[in-house]
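Here the structure is laid out as structure tokens; the discussion comes afterwards.
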Amino acid sequence: MTDHTAAVADKLAALYTSSFGGKETGRYRLPQKLLRELFGVRRLYPDDITSLSRALFERGYVLIDMDSFYVVMSANSFVNYRRLSAEAIRDEER
């Protein structure tokens, strides 16, 4: 991970706890254009997104690629999801 990627990850993590868009804190969406501006580039490559995803995950956040935009969420958001079991899959197939 480059220092620049780390700086972008720090900025995105800080925004998670900032008030904007009518909410005090929490998940948010980020257009590709704005992410390119944060990186200071005209084009983002898959390696850039992978590095940013890893950097954010180290900070406790998840970057989700939604094709035309990205979502930043707390990794803790996923802790209480119900778990899928092999039994549930077998039951559904019947």
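Letters A, B, ... go to the chains of the structure tokens in the order shown; residues in each chain start at 1; ligands are counted from 1 in the same order.
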inquiry  = When you look at A:Phe57 with a cut-off of 10 Å (counting only C-alpha atoms), what residues show up, excluding the ones that are within fewer than 2 positions of it in the same chain? I need them as an MDAnalysis selection string.
reply    = chainID A and resid 9 13 51:55 59:63 73:75
remark   = Atom pair atom CA of A:Asn76 + atom CA of A:Leu44, distance 27.2 Å
key: Who sits within 12 Å of A:Lys33, only C-alpha atoms, same chain under 6 positions skipped, as a list in words   =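 Contacts, with the query itself left out: Phe39, Gly40, Val41, Arg42, Arg43, Leu44, Ser68, Phe69 and Tyr70 of chain A.
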Straight-line distance linking atom CA of A:Leu30 with atom CA of A:Ile49, stated in Å to one decimal =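 Taking atom CA of A:Leu30 and atom CA of A:Ile49, their separation equals 12.9 Å.
The nearest approach to A:Val8 among the residues A:Ile89, A:Leu56, A:Leu84, A:Tyr28, with only C-alpha atoms taken into account, belongs to A:Leu56.
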query = Can you list, as a VMD selection string, every residue of chain A that DSSP puts in strand (DSSP E or B)?
reply = chain A and resid 20 23 28 to 31 61 to 65 69 to 74
Okay, now the selection with C-alpha atoms, as a compact mmCIF listing (two decimals), in the first residue's frame?
```txt
# COMPACT_ATOMS: atom_id res chain seq x y z
CA PHE A 20 -22.95 15.34 6.35
CA LYS A 23 -26.86 12.31 9.23
CA TYR A 28 -22.15 6.62 2.84
CA ARG A 29 -21.84 6.31 -0.91
CA LEU A 30 -19.03 7.78 -2.93
CA PRO A 31 -19.14 8.39 -6.69
CA TYR A 61 -14.35 -0.35 7.32
CA VAL A 62 -15.52 -2.14 4.19
CA LEU A 63 -15.47 -0.69 0.67
CA ILE A 64 -18.21 -2.11 -1.54
CA ASP A 65 -18.00 -1.63 -5.30
CA PHE A 69 -20.28 4.20 -7.02
CA TYR A 70 -18.71 2.82 -3.84
CA VAL A 71 -20.18 2.35 -0.36
CA VAL A 72 -18.17 2.69 2.83
CA MET A 73 -19.56 0.79 5.83
CA SER A 74 -18.29 -0.24 9.22
```
request  = Apply DSSP to the structure's backbone, then extract all residues of stretch 8-90 of chain A labelled alpha helix (DSSP H) and return them as a PyMOL selection string.
outcome  = chain A and resi 8-16+32-39+46-58+86-90
So that I have them on file, write out the residues from the current selection with C-alpha atoms, as a short mmCIF file (atom, residue, chain, number, x, y, z; two decimals), in the first residue's frame.
```
data_model
loop_
_atom_site.label_atom_id
_atom_site.label_comp_id
_atom_site.auth_asym_id
_atom_site.auth_seq_id
_atom_site.Cartn_x
_atom_site.Cartn_y
_atom_site.Cartn_z
CA VAL A 8 -7.19 8.30 1.08
CA ALA A 9 -8.22 5.48 3.43
CA ASP A 10 -7.67 7.75 6.44
CA LYS A 11 -9.82 10.45 4.83
CA LEU A 12 -12.64 8.01 4.01
CA ALA A 13 -12.51 6.53 7.52
CA ALA A 14 -12.68 10.01 9.05
CA LEU A 15 -15.69 10.85 6.88
CA TYR A 16 -17.55 7.87 8.37
CA GLN A 32 -16.24 7.09 -8.79
CA LYS A 33 -15.47 10.61 -9.94
CA LEU A 34 -14.95 11.83 -6.38
CA LEU A 35 -12.79 8.80 -5.55
CA ARG A 36 -10.60 9.58 -8.59
CA GLU A 37 -10.30 13.16 -7.34
CA LEU A 38 -9.24 11.95 -3.88
CA PHE A 39 -6.52 9.85 -5.52
CA PRO A 46 -8.50 -2.74 -9.99
CA ASP A 47 -5.22 -2.78 -8.03
CA ASP A 48 -6.00 0.71 -6.68
CA ILE A 49 -9.42 -0.41 -5.44
CA THR A 50 -7.99 -3.61 -3.94
CA SER A 51 -5.32 -1.64 -2.07
CA LEU A 52 -7.90 0.87 -0.83
CA SER A 53 -10.24 -1.93 0.26
CA ARG A 54 -7.46 -3.54 2.27
CA ALA A 55 -6.42 -0.25 3.83
CA LEU A 56 -10.01 0.54 4.85
CA PHE A 57 -10.50 -2.97 6.24
CA GLU A 58 -7.42 -2.48 8.43
CA ALA A 86 -25.48 -26.16 4.82
CA GLU A 87 -28.71 -27.43 6.37
CA ALA A 88 -30.57 -24.27 5.36
CA ILE A 89 -29.36 -24.68 1.78
CA ARG A 90 -30.46 -28.32 1.70
#
```
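Rounded to one decimal, atom CA of A:Thr2 and atom CA of A:Tyr45 lie 14.2 Å from each other.
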